[in-house]
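Visitor: Data file structure-v4.csv (CSV, C-alpha atoms) is appended below.
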```csv
chain,number,residue,atom,x,y,z
A,1,MET,CA,-0.9,-0.1,-2.8
A,2,GLU,CA,2.7,0.6,-2.5
A,3,ARG,CA,4.0,2.1,0.7
A,4,GLU,CA,6.5,4.9,0.0
A,5,GLY,CA,7.7,5.2,3.5
A,6,GLU,CA,7.1,6.9,6.8
A,7,THR,CA,8.9,10.1,7.6
A,8,ILE,CA,9.1,12.1,10.7
A,9,VAL,CA,8.8,15.6,9.4
A,10,PRO,CA,11.0,18.2,11.1
A,11,ASN,CA,9.4,21.2,12.7
A,12,ILE,CA,9.7,24.2,10.5
A,13,THR,CA,11.7,27.2,12.0
A,14,SER,CA,11.2,25.7,15.4
A,15,GLN,CA,11.4,28.2,18.2
A,16,THR,CA,10.5,26.0,21.2
A,17,PRO,CA,10.9,22.3,21.8
A,18,PRO,CA,7.8,20.6,20.3
A,19,THR,CA,5.6,18.4,22.4
A,20,THR,CA,4.7,16.2,19.5
A,21,VAL,CA,6.2,15.3,16.2
A,22,MET,CA,4.4,14.9,13.0
A,23,VAL,CA,4.7,11.5,11.4
A,24,LYS,CA,3.8,11.2,7.7
A,25,GLU,CA,3.0,8.0,5.8
A,26,THR,CA,2.8,8.2,2.0
A,27,VAL,CA,1.0,5.6,0.0
A,28,VAL,CA,0.8,5.4,-3.8
A,29,ARG,CA,-2.6,4.1,-5.0
A,30,GLU,CA,-2.9,1.7,-7.9
A,31,ASP,CA,-4.0,4.6,-10.1
A,32,GLY,CA,-0.9,6.5,-9.1
A,33,ARG,CA,-2.6,9.1,-6.9
A,34,LEU,CA,-0.9,9.8,-3.6
A,35,LEU,CA,-2.6,9.3,-0.2
A,36,ILE,CA,-0.8,10.7,2.8
A,37,TYR,CA,-1.6,10.0,6.5
A,38,TYR,CA,-0.4,12.4,9.1
A,39,ARG,CA,-0.4,11.6,12.8
A,40,PHE,CA,1.2,13.2,15.8
A,41,VAL,CA,3.1,11.4,18.4
A,42,PRO,CA,4.7,12.6,21.6
A,43,ALA,CA,8.2,14.0,21.2
A,44,ASN,CA,10.6,11.6,23.0
A,45,PRO,CA,13.9,13.1,23.9
A,46,GLY,CA,15.5,9.7,23.6
A,47,GLU,CA,14.6,9.3,19.9
A,48,PRO,CA,16.7,10.3,17.0
A,49,PRO,CA,16.5,13.9,15.7
A,50,ALA,CA,13.2,14.7,14.1
A,51,ASN,CA,14.7,15.2,10.6
A,52,GLN,CA,15.8,11.5,10.4
A,53,LYS,CA,13.7,9.0,8.6
A,54,ALA,CA,12.0,6.5,10.9
A,55,SER,CA,12.2,2.8,10.2
A,56,ARG,CA,9.2,0.5,10.5
B,57,MET,CA,-10.2,16.1,-20.9
B,58,SER,CA,-8.3,18.8,-19.1
B,59,GLU,CA,-6.3,21.7,-20.5
B,60,LEU,CA,-5.5,25.4,-20.1
B,61,ARG,CA,-6.9,27.7,-22.7
B,62,TRP,CA,-5.5,31.3,-23.0
B,63,ASN,CA,-7.9,34.2,-23.0
B,64,PRO,CA,-5.9,36.9,-24.7
B,65,ILE,CA,-8.5,39.6,-23.9
B,66,ALA,CA,-8.4,39.1,-20.1
B,67,GLU,CA,-4.8,37.7,-20.3
B,68,GLU,CA,-5.6,34.7,-18.2
B,69,TRP,CA,-5.8,31.0,-18.4
B,70,VAL,CA,-9.1,29.2,-18.2
B,71,VAL,CA,-9.1,25.5,-17.1
B,72,THR,CA,-11.3,23.1,-18.9
B,73,ALA,CA,-11.8,19.9,-16.9
B,74,THR,CA,-14.7,18.0,-18.5
B,75,HIS,CA,-14.3,14.9,-16.3
B,76,ARG,CA,-15.4,17.1,-13.3
B,77,GLN,CA,-18.9,17.1,-14.6
B,78,ASP,CA,-19.3,13.5,-13.3
B,79,ARG,CA,-17.9,14.1,-9.8
B,80,THR,CA,-19.9,12.9,-6.8
B,81,PHE,CA,-22.5,15.4,-5.8
B,82,MET,CA,-24.0,15.5,-2.3
B,83,PRO,CA,-24.1,11.7,-1.7
B,84,PRO,CA,-26.7,10.3,0.8
B,85,ALA,CA,-25.6,9.9,4.4
B,86,GLY,CA,-23.6,6.6,4.7
B,87,TYR,CA,-22.2,6.9,1.2
B,88,CYS,CA,-19.6,9.6,1.7
B,89,PRO,CA,-16.6,8.8,-0.6
B,90,ILE,CA,-14.2,10.6,1.7
B,91,CYS,CA,-15.2,9.1,5.1
B,92,PRO,CA,-12.9,6.4,6.4
B,93,THR,CA,-13.7,2.9,5.0
B,94,ALA,CA,-15.9,1.1,7.5
B,95,PRO,CA,-15.2,-2.6,8.2
B,96,GLY,CA,-17.2,-4.5,5.6
B,97,GLY,CA,-18.4,-1.2,4.1
B,98,PHE,CA,-17.9,0.1,0.6
B,99,PRO,CA,-14.4,1.3,-0.3
B,100,THR,CA,-13.9,5.0,0.1
B,101,GLU,CA,-11.0,7.3,-0.8
B,102,VAL,CA,-9.5,6.5,2.7
B,103,PRO,CA,-8.8,2.8,3.2
B,104,ALA,CA,-8.4,3.1,7.0
B,105,GLU,CA,-10.9,3.0,9.8
B,106,THR,CA,-9.7,6.2,11.3
B,107,TYR,CA,-6.9,8.8,11.1
B,108,GLU,CA,-5.8,12.2,12.4
B,109,TYR,CA,-5.3,14.0,9.1
B,110,VAL,CA,-5.4,12.7,5.5
B,111,VAL,CA,-4.3,14.3,2.3
B,112,PHE,CA,-5.0,12.7,-1.1
B,113,GLU,CA,-4.9,13.7,-4.7
B,114,ASN,CA,-8.3,14.6,-6.0
B,115,LYS,CA,-10.1,11.9,-8.1
B,116,PHE,CA,-11.6,14.7,-10.2
B,117,PRO,CA,-8.7,17.2,-10.5
B,118,SER,CA,-8.6,20.4,-12.3
B,119,PHE,CA,-4.8,20.0,-12.7
B,120,LYS,CA,-2.9,16.7,-13.1
B,121,ARG,CA,0.7,15.7,-12.5
B,122,GLU,CA,0.7,14.1,-16.0
B,123,PRO,CA,-2.1,15.7,-18.0
B,124,GLY,CA,-3.2,14.1,-21.2
B,125,ASP,CA,-3.3,15.7,-24.6
B,126,PRO,CA,-5.6,18.7,-24.8
B,127,ALA,CA,-9.0,18.2,-26.5
B,128,VAL,CA,-8.2,20.9,-29.1
B,129,GLN,CA,-5.2,22.6,-30.6
B,130,GLY,CA,-4.5,26.2,-29.8
B,131,THR,CA,-3.4,29.0,-32.1
B,132,GLU,CA,-0.8,31.7,-31.7
B,133,LEU,CA,-3.4,34.1,-30.5
B,134,MET,CA,-5.3,31.6,-28.3
B,135,PRO,CA,-2.7,28.9,-27.2
B,136,VAL,CA,-3.6,25.8,-25.3
B,137,ARG,CA,-1.3,24.0,-22.9
B,138,PRO,CA,-1.5,21.0,-20.6
B,139,SER,CA,-3.2,21.6,-17.3
B,140,THR,CA,-0.1,20.5,-15.3
B,141,GLY,CA,-0.4,20.8,-11.6
B,142,ILE,CA,-1.7,18.9,-8.5
B,143,CYS,CA,-5.0,19.0,-6.7
B,144,GLU,CA,-5.2,17.7,-3.2
B,145,VAL,CA,-8.0,17.2,-0.7
B,146,VAL,CA,-7.2,17.7,3.0
B,147,LEU,CA,-9.5,15.9,5.4
B,148,TYR,CA,-9.9,17.7,8.7
B,149,THR,CA,-11.5,14.9,10.6
B,150,PRO,CA,-12.7,11.3,10.1
B,151,GLN,CA,-16.1,12.5,11.4
B,152,HIS,CA,-18.6,13.0,8.5
B,153,SER,CA,-20.4,16.0,10.0
B,154,GLY,CA,-19.1,19.2,11.7
B,155,THR,CA,-16.8,21.9,10.6
B,156,LEU,CA,-13.2,23.1,11.1
B,157,ALA,CA,-14.6,25.3,13.9
B,158,ASP,CA,-15.4,22.2,15.9
B,159,ARG,CA,-11.7,21.2,16.1
B,160,SER,CA,-9.8,22.3,19.2
B,161,VAL,CA,-7.1,24.9,18.9
B,162,GLU,CA,-4.5,22.2,19.4
B,163,GLU,CA,-6.0,20.0,16.7
B,164,THR,CA,-6.1,23.0,14.3
B,165,GLU,CA,-2.4,23.7,15.1
B,166,ARG,CA,-1.6,20.2,13.9
B,167,LEU,CA,-3.6,21.0,10.7
B,168,VAL,CA,-1.4,24.0,10.3
B,169,GLN,CA,1.6,21.7,10.4
B,170,VAL,CA,0.0,19.6,7.6
B,171,TRP,CA,-0.5,22.8,5.6
B,172,GLN,CA,3.1,23.7,6.1
B,173,ASP,CA,4.3,20.3,4.9
B,174,ARG,CA,2.1,20.4,1.8
B,175,TYR,CA,3.3,24.0,1.0
B,176,GLN,CA,6.9,22.8,1.2
B,177,GLU,CA,6.5,19.5,-0.5
B,178,LEU,CA,4.4,20.7,-3.4
B,179,GLY,CA,6.3,24.0,-3.7
B,180,ALA,CA,9.6,22.1,-4.0
B,181,ARG,CA,8.4,20.5,-7.3
B,182,PRO,CA,10.0,22.3,-10.2
B,183,GLU,CA,6.8,22.7,-12.2
B,184,ILE,CA,4.8,24.2,-9.3
B,185,GLU,CA,4.8,28.0,-9.1
B,186,TYR,CA,2.1,28.6,-6.6
B,187,VAL,CA,0.6,26.5,-3.8
B,188,PHE,CA,-3.0,27.7,-3.2
B,189,ILE,CA,-4.5,26.4,0.1
B,190,PHE,CA,-8.3,27.0,0.4
B,191,GLU,CA,-11.6,25.8,1.7
B,192,ASN,CA,-15.1,26.0,0.3
B,193,LYS,CA,-17.6,25.5,3.0
B,194,GLY,CA,-21.3,25.1,2.7
B,195,GLU,CA,-23.9,24.4,0.0
B,196,ALA,CA,-24.2,28.1,-0.7
B,197,ILE,CA,-20.6,28.0,-2.0
B,198,GLY,CA,-21.3,25.0,-4.2
B,199,VAL,CA,-19.7,22.3,-2.0
B,200,THR,CA,-20.4,18.9,-3.4
B,201,LEU,CA,-19.2,16.8,-0.4
B,202,PRO,CA,-20.2,17.9,3.1
B,203,HIS,CA,-17.5,16.0,4.9
B,204,PRO,CA,-15.2,18.6,6.5
B,205,HIS,CA,-12.3,19.2,4.2
B,206,GLY,CA,-10.2,21.8,2.5
B,207,GLN,CA,-8.3,21.7,-0.8
B,208,ILE,CA,-4.9,22.6,-2.2
B,209,TYR,CA,-4.3,23.5,-5.8
B,210,ALA,CA,-0.6,23.5,-6.8
B,211,PHE,CA,-0.5,25.7,-9.9
B,212,SER,CA,2.1,25.5,-12.7
B,213,TYR,CA,1.6,29.2,-13.2
B,214,LEU,CA,0.8,32.3,-11.1
B,215,PRO,CA,-3.0,32.7,-10.9
B,216,PRO,CA,-4.2,36.1,-12.1
B,217,LYS,CA,-5.4,37.4,-8.7
B,218,ILE,CA,-2.1,36.5,-7.1
B,219,GLU,CA,-0.1,38.0,-10.0
B,220,ARG,CA,-2.0,41.2,-9.6
B,221,GLU,CA,-1.4,41.3,-5.9
B,222,LEU,CA,2.3,40.6,-6.6
B,223,GLU,CA,2.5,43.5,-9.0
B,224,SER,CA,0.9,45.9,-6.4
B,225,GLN,CA,3.3,44.7,-3.8
B,226,ALA,CA,6.3,45.1,-6.0
B,227,LYS,CA,5.3,48.6,-7.0
B,228,HIS,CA,4.8,49.7,-3.4
B,229,HIS,CA,8.1,48.1,-2.4
B,230,ALA,CA,9.9,49.8,-5.2
B,231,ARG,CA,8.4,53.2,-4.3
B,232,THR,CA,8.7,53.0,-0.5
B,233,GLY,CA,11.0,50.1,0.3
B,234,ARG,CA,8.3,48.7,2.6
B,235,CYS,CA,5.8,45.9,2.5
B,236,LEU,CA,2.4,46.9,1.2
B,237,HIS,CA,0.6,44.5,3.5
B,238,CYS,CA,2.6,45.7,6.6
B,239,ASP,CA,1.6,49.3,5.7
B,240,VAL,CA,-2.1,48.4,5.2
B,241,LEU,CA,-2.1,46.5,8.5
B,242,ALA,CA,-0.4,49.4,10.3
B,243,GLU,CA,-3.1,51.8,9.1
B,244,GLU,CA,-5.9,49.3,10.1
B,245,LEU,CA,-4.4,48.9,13.6
B,246,ALA,CA,-4.0,52.7,14.0
B,247,ASP,CA,-7.6,53.2,12.9
B,248,GLY,CA,-9.0,50.3,14.8
B,249,ARG,CA,-12.6,50.5,13.6
B,250,ARG,CA,-12.3,47.5,11.4
B,251,ILE,CA,-10.4,45.1,13.7
B,252,VAL,CA,-12.3,42.0,14.5
B,253,ALA,CA,-10.0,40.1,16.9
B,254,GLU,CA,-6.2,39.8,17.5
B,255,ASN,CA,-3.6,38.0,19.4
B,256,ALA,CA,0.2,38.2,19.9
B,257,HIS,CA,1.0,37.1,16.3
B,258,PHE,CA,-2.1,37.7,14.1
B,259,VAL,CA,-4.8,40.2,13.5
B,260,THR,CA,-8.2,39.8,11.9
B,261,LEU,CA,-10.1,42.7,10.3
B,262,ILE,CA,-12.6,43.5,7.7
B,263,PRO,CA,-10.5,45.6,5.3
B,264,PHE,CA,-11.3,49.2,4.3
B,265,TYR,CA,-11.9,47.9,0.8
B,266,ALA,CA,-14.0,44.8,1.7
B,267,ARG,CA,-16.1,43.5,-1.1
B,268,TYR,CA,-18.3,41.1,0.9
B,269,PRO,CA,-20.1,42.3,4.1
B,270,TYR,CA,-18.3,39.8,6.3
B,271,GLU,CA,-15.0,39.6,4.4
B,272,VAL,CA,-12.4,39.0,7.1
B,273,HIS,CA,-8.7,39.1,6.4
B,274,LEU,CA,-6.3,37.4,8.8
B,275,TYR,CA,-2.8,38.9,8.8
B,276,ALA,CA,0.5,37.9,10.4
B,277,ARG,CA,1.7,40.9,12.4
B,278,SER,CA,5.3,40.0,11.4
B,279,HIS,CA,6.4,40.1,7.8
B,280,LEU,CA,6.1,36.3,7.3
B,281,PRO,CA,6.1,35.5,3.6
B,282,SER,CA,4.5,32.1,3.8
B,283,ILE,CA,3.0,29.5,6.2
B,284,ALA,CA,6.3,27.7,6.1
B,285,ASP,CA,7.8,30.6,8.1
B,286,PHE,CA,5.6,29.9,11.1
B,287,GLY,CA,7.3,28.6,14.2
B,288,PRO,CA,5.4,26.8,17.0
B,289,ALA,CA,4.2,30.1,18.6
B,290,GLU,CA,2.8,31.4,15.3
B,291,ARG,CA,1.2,28.1,14.5
B,292,LEU,CA,-0.7,28.1,17.8
B,293,ALA,CA,-1.7,31.7,17.5
B,294,PHE,CA,-2.8,31.2,13.9
B,295,ALA,CA,-5.0,28.2,14.9
B,296,GLU,CA,-6.5,30.2,17.8
B,297,LEU,CA,-7.5,33.1,15.7
B,298,LEU,CA,-8.8,30.9,12.8
B,299,LYS,CA,-11.1,29.2,15.3
B,300,ARG,CA,-12.1,32.5,16.9
B,301,VAL,CA,-13.1,33.9,13.5
B,302,MET,CA,-15.1,30.8,12.5
B,303,LEU,CA,-16.9,30.7,15.8
B,304,LYS,CA,-17.8,34.4,15.4
B,305,TYR,CA,-19.1,33.6,12.0
B,306,ASP,CA,-21.2,30.8,13.4
B,307,GLY,CA,-22.6,33.1,16.0
B,308,LEU,CA,-23.8,35.7,13.5
B,309,PHE,CA,-27.1,34.1,12.3
B,310,GLY,CA,-27.5,31.0,14.4
B,311,PHE,CA,-26.2,28.6,11.7
B,312,SER,CA,-22.8,27.5,10.5
B,313,LEU,CA,-21.8,30.3,8.1
B,314,PRO,CA,-20.7,29.2,4.6
B,315,TYR,CA,-17.5,30.8,3.4
B,316,MET,CA,-14.6,30.6,1.0
B,317,MET,CA,-11.3,30.7,2.9
B,318,VAL,CA,-8.1,31.3,0.8
B,319,MET,CA,-4.5,31.7,1.7
B,320,HIS,CA,-2.2,34.2,-0.1
B,321,GLN,CA,1.5,33.7,0.3
B,322,GLN,CA,4.9,33.6,-1.4
B,323,PRO,CA,5.0,31.8,-4.7
B,324,THR,CA,7.2,28.8,-5.1
B,325,ASP,CA,8.5,29.9,-8.6
B,326,GLY,CA,12.0,30.5,-7.4
B,327,ARG,CA,11.8,34.3,-8.1
B,328,ALA,CA,12.2,37.0,-5.5
B,329,HIS,CA,8.9,38.5,-4.2
B,330,PRO,CA,10.0,40.9,-1.4
B,331,GLY,CA,6.5,42.2,-0.8
B,332,CYS,CA,4.9,38.8,0.0
B,333,HIS,CA,3.1,38.7,3.3
B,334,PHE,CA,1.1,35.7,4.4
B,335,HIS,CA,-2.6,36.3,4.9
B,336,VAL,CA,-5.9,34.6,4.8
B,337,GLU,CA,-9.0,36.0,3.2
B,338,PHE,CA,-12.6,34.8,4.0
B,339,TYR,CA,-15.4,35.5,1.6
B,340,PRO,CA,-18.7,34.5,3.2
B,341,PRO,CA,-21.6,35.0,0.7
B,342,HIS,CA,-24.2,35.9,3.3
B,343,ARG,CA,-25.1,39.5,3.7
B,344,THR,CA,-28.0,38.7,6.1
B,345,ALA,CA,-29.3,35.4,7.5
B,346,GLN,CA,-31.6,35.0,4.4
B,347,LYS,CA,-29.8,37.0,1.7
B,348,LEU,CA,-26.8,36.1,-0.3
B,349,LYS,CA,-24.3,38.4,-2.1
B,350,PHE,CA,-24.4,37.3,-5.7
B,351,LEU,CA,-21.7,38.0,-8.2
B,352,ALA,CA,-24.0,39.7,-10.7
B,353,GLY,CA,-23.6,41.9,-13.7
B,354,CYS,CA,-21.3,44.6,-12.3
B,355,GLU,CA,-19.1,42.1,-10.3
B,356,SER,CA,-18.9,39.5,-13.1
B,357,GLY,CA,-19.0,41.7,-16.1
B,358,ALA,CA,-17.2,44.8,-15.0
B,359,GLY,CA,-15.1,43.4,-12.2
B,360,THR,CA,-16.3,46.0,-9.7
B,361,PHE,CA,-17.8,44.8,-6.4
B,362,ILE,CA,-20.7,46.6,-4.8
B,363,ASN,CA,-20.7,46.2,-1.1
B,364,ASP,CA,-24.1,47.0,0.4
B,365,THR,CA,-22.6,47.5,3.9
B,366,LEU,CA,-20.0,49.5,5.8
B,367,PRO,CA,-17.0,47.4,6.9
B,368,GLU,CA,-16.8,49.5,10.1
B,369,GLU,CA,-20.3,48.4,11.1
B,370,LYS,CA,-19.8,44.8,10.1
B,371,ALA,CA,-16.5,44.6,12.0
B,372,ALA,CA,-18.2,46.0,15.1
B,373,GLU,CA,-20.9,43.3,14.7
B,374,LEU,CA,-18.4,40.5,14.6
B,375,ARG,CA,-16.3,42.0,17.4
B,376,ALA,CA,-19.4,42.0,19.7
B,377,ILE,CA,-19.9,38.2,19.2
B,378,ALA,CA,-18.4,36.6,22.3
B,379,VAL,CA,-16.9,33.1,21.7
B,380,THR,CA,-15.5,30.4,23.9
B,381,LEU,CA,-12.6,28.5,22.5
```
Will you turn the file into C-alpha cells for me?

Guide:
Amino acid sequence: MEREGETIVPNITSQTPPTTVMVKETVVREDGRLLIYYRFVPANPGEPPANQKASR
Amino acid sequence: MSELRWNPIAEEWVVTATHRQDRTFMPPAGYCPICPTAPGGFPTEVPAETYEYVVFENKFPSFKREPGDPAVQGTELMPVRPSTGICEVVLYTPQHSGTLADRSVEETERLVQVWQDRYQELGARPEIEYVFIFENKGEAIGVTLPHPHGQIYAFSYLPPKIERELESQAKHHARTGRCLHCDVLAEELADGRRIVAENAHFVTLIPFYARYPYEVHLYARSHLPSIADFGPAERLAFAELLKRVMLKYDGLFGFSLPYMMVMHQQPTDGRAHPGCHFHVEFYPPHRTAQKLKFLAGCESGAGTFINDTLPEEKAAELRAIAVTL
C-alpha cells in the first residue's frame, strides 16, 4: 500500500476554539481503492495552524 | 458490469451493477470483512488492529471512479452511460456489534466532522454533483453486514428525488423569496403537535406529510445549506439530537429499530441552489413491533404512499419516550 500522506484537517467554519483536531491518513490500496483513517488528537496551541500539513 | 441506463418514461437513471450480486451477505461471527484485522487473523478491509473512524471505497460499488465499458450499447431513446461516481463505507466503530446510538455525543460529533470532510473532498471533484450520506440499519432494511456502518454515494448526476426537491425549493423561492424548508419548519414549530425533540440548533419532527409511521425529519433551525456549514456548536447539537432520536426509536418496541437515514443538502454541481436547507430524513419500516410497512402496489406502482397512522399521534408517542444521553 502507498501512503498518500497525513493531513490535519481544518475545522470548517469554526466558531469556538476546538479541543481536538482531526487527523486524516489516506492510504491507496493495491487495487487503487482509498482507505482513510481519521483520528482526533488534543488541540495544542503550540502546534502550527490546523490547516498546515503535518509531517511524519 | 456497471452502467447507467436511462428510463425515458420515468426520466431517471437506473444503475446496473451486476458484480454486487456476489457481495458478502451476513457472514458468520468472526468473519466480518469490515472488522479490524486481528493479529494472525484473516485480512479484512481494514488492515489495522483498531481505529477511531475509517472510510474506504466499497469493494462492491454501484458507482466507480473509473467505470469500465457498459455491458450494452444504448440508443438515442434509451441511452447508456458509464456509472461514474464513488461509493464509500464509513465505519462508526471498530466494535462488530452495536449501533450508532451506542456512541457518545462527543464520539458522534467526531463522526460529523468525518462526514463534513467527505462532503467537501468528494464534492470538490469535478465529476461529482451530489454527495449522498446515508445509513441502512437492520436486516429489515436489507443490510448485508451488521457491523455498524454508514455509506456515502458520490453521484455524477442529481438523483431524481433530490432533483424534484430542488425544483420545489426553486419554485417556492421564486414565488416568495424564502426558503421552502424554513417555511415548513416555521409552520411545524408554530403547530407543535408533530415536534419530537429539539435543541438550540436543530429540530426533529414527524412531518405533516409523513409517509412512514415513524418518519422523523431532523432540520437545522438556521438556513444551513450543507453539513459543511456546521460550526462546532452545530456539530455538537446535531450529534446530540441524532443520538436522542435513535434512542427514542430503540425505546419504542424494546429492540434496536431498523431505519434508513438519509441526508439532503446542497448539491456540489457548482450551480446556485438558493433553497437548499440541510436536513436528515429517517424512514423506519416498522409500523408496529411486529408489522412492517411494505412498499406495495400503490407505493411502488403509483408512487403514492399510504400511511396507516396519524403523524400527530406518532410524534406524541416518540416525544413521550424518555432517553438518557

Visitor: Please report, as a Markdown table, each residue of chain B lying at most 7 Å from chain A, together with the nearest pair of atoms and the separation in Å rounded to one decimal; use only C-alpha atoms, and order rows by chain and ascending residue number.

Guide:
```
| residue | atom | partner | partner_atom | distance |
| --- | --- | --- | --- | --- |
| B:Glu108 | CA | A:Arg39 | CA | 5.4 |
| B:Tyr109 | CA | A:Tyr38 | CA | 5.2 |
| B:Val110 | CA | A:Tyr37 | CA | 4.8 |
| B:Val111 | CA | A:Ile36 | CA | 5.0 |
| B:Phe112 | CA | A:Leu35 | CA | 4.3 |
| B:Glu113 | CA | A:Arg33 | CA | 5.6 |
| B:Ala284 | CA | A:Ile12 | CA | 6.6 |
| B:Asp285 | CA | A:Thr13 | CA | 6.5 |
| B:Phe286 | CA | A:Thr13 | CA | 6.7 |
| B:Gly287 | CA | A:Ser14 | CA | 5.0 |
| B:Pro288 | CA | A:Ser14 | CA | 6.1 |
```

Visitor: Please dump the current selection as an mmCIF file, in the coordinates of the input; keep C-alpha atoms.

Guide:
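Below is the file that was written, result_13.cif:
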```
data_model
loop_
_atom_site.group_PDB
_atom_site.id
_atom_site.type_symbol
_atom_site.label_atom_id
_atom_site.label_comp_id
_atom_site.auth_asym_id
_atom_site.auth_seq_id
_atom_site.Cartn_x
_atom_site.Cartn_y
_atom_site.Cartn_z
ATOM 1 C CA GLU B 108 -5.800 12.200 12.400
ATOM 2 C CA TYR B 109 -5.300 14.000 9.100
ATOM 3 C CA VAL B 110 -5.400 12.700 5.500
ATOM 4 C CA VAL B 111 -4.300 14.300 2.300
ATOM 5 C CA PHE B 112 -5.000 12.700 -1.100
ATOM 6 C CA GLU B 113 -4.900 13.700 -4.700
ATOM 7 C CA ALA B 284 6.300 27.700 6.100
ATOM 8 C CA ASP B 285 7.800 30.600 8.100
ATOM 9 C CA PHE B 286 5.600 29.900 11.100
ATOM 10 C CA GLY B 287 7.300 28.600 14.200
ATOM 11 C CA PRO B 288 5.400 26.800 17.000
#
```

Visitor: Is there a way to get, as number ranges by chain, all residues within 7 Å of the point (2.6, 40.6, 8.4) in file coordinates, counting only C-alpha atoms?

Guide: B: 237-238, 275-280, 333-334

Visitor: Distance atom CA of Tyr87 of chain B-atom CA of Val102 of chain B, one decimal place?

Guide: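 Going from atom CA of Tyr87 of chain B over to atom CA of Val102 of chain B, I get 12.8 Å.
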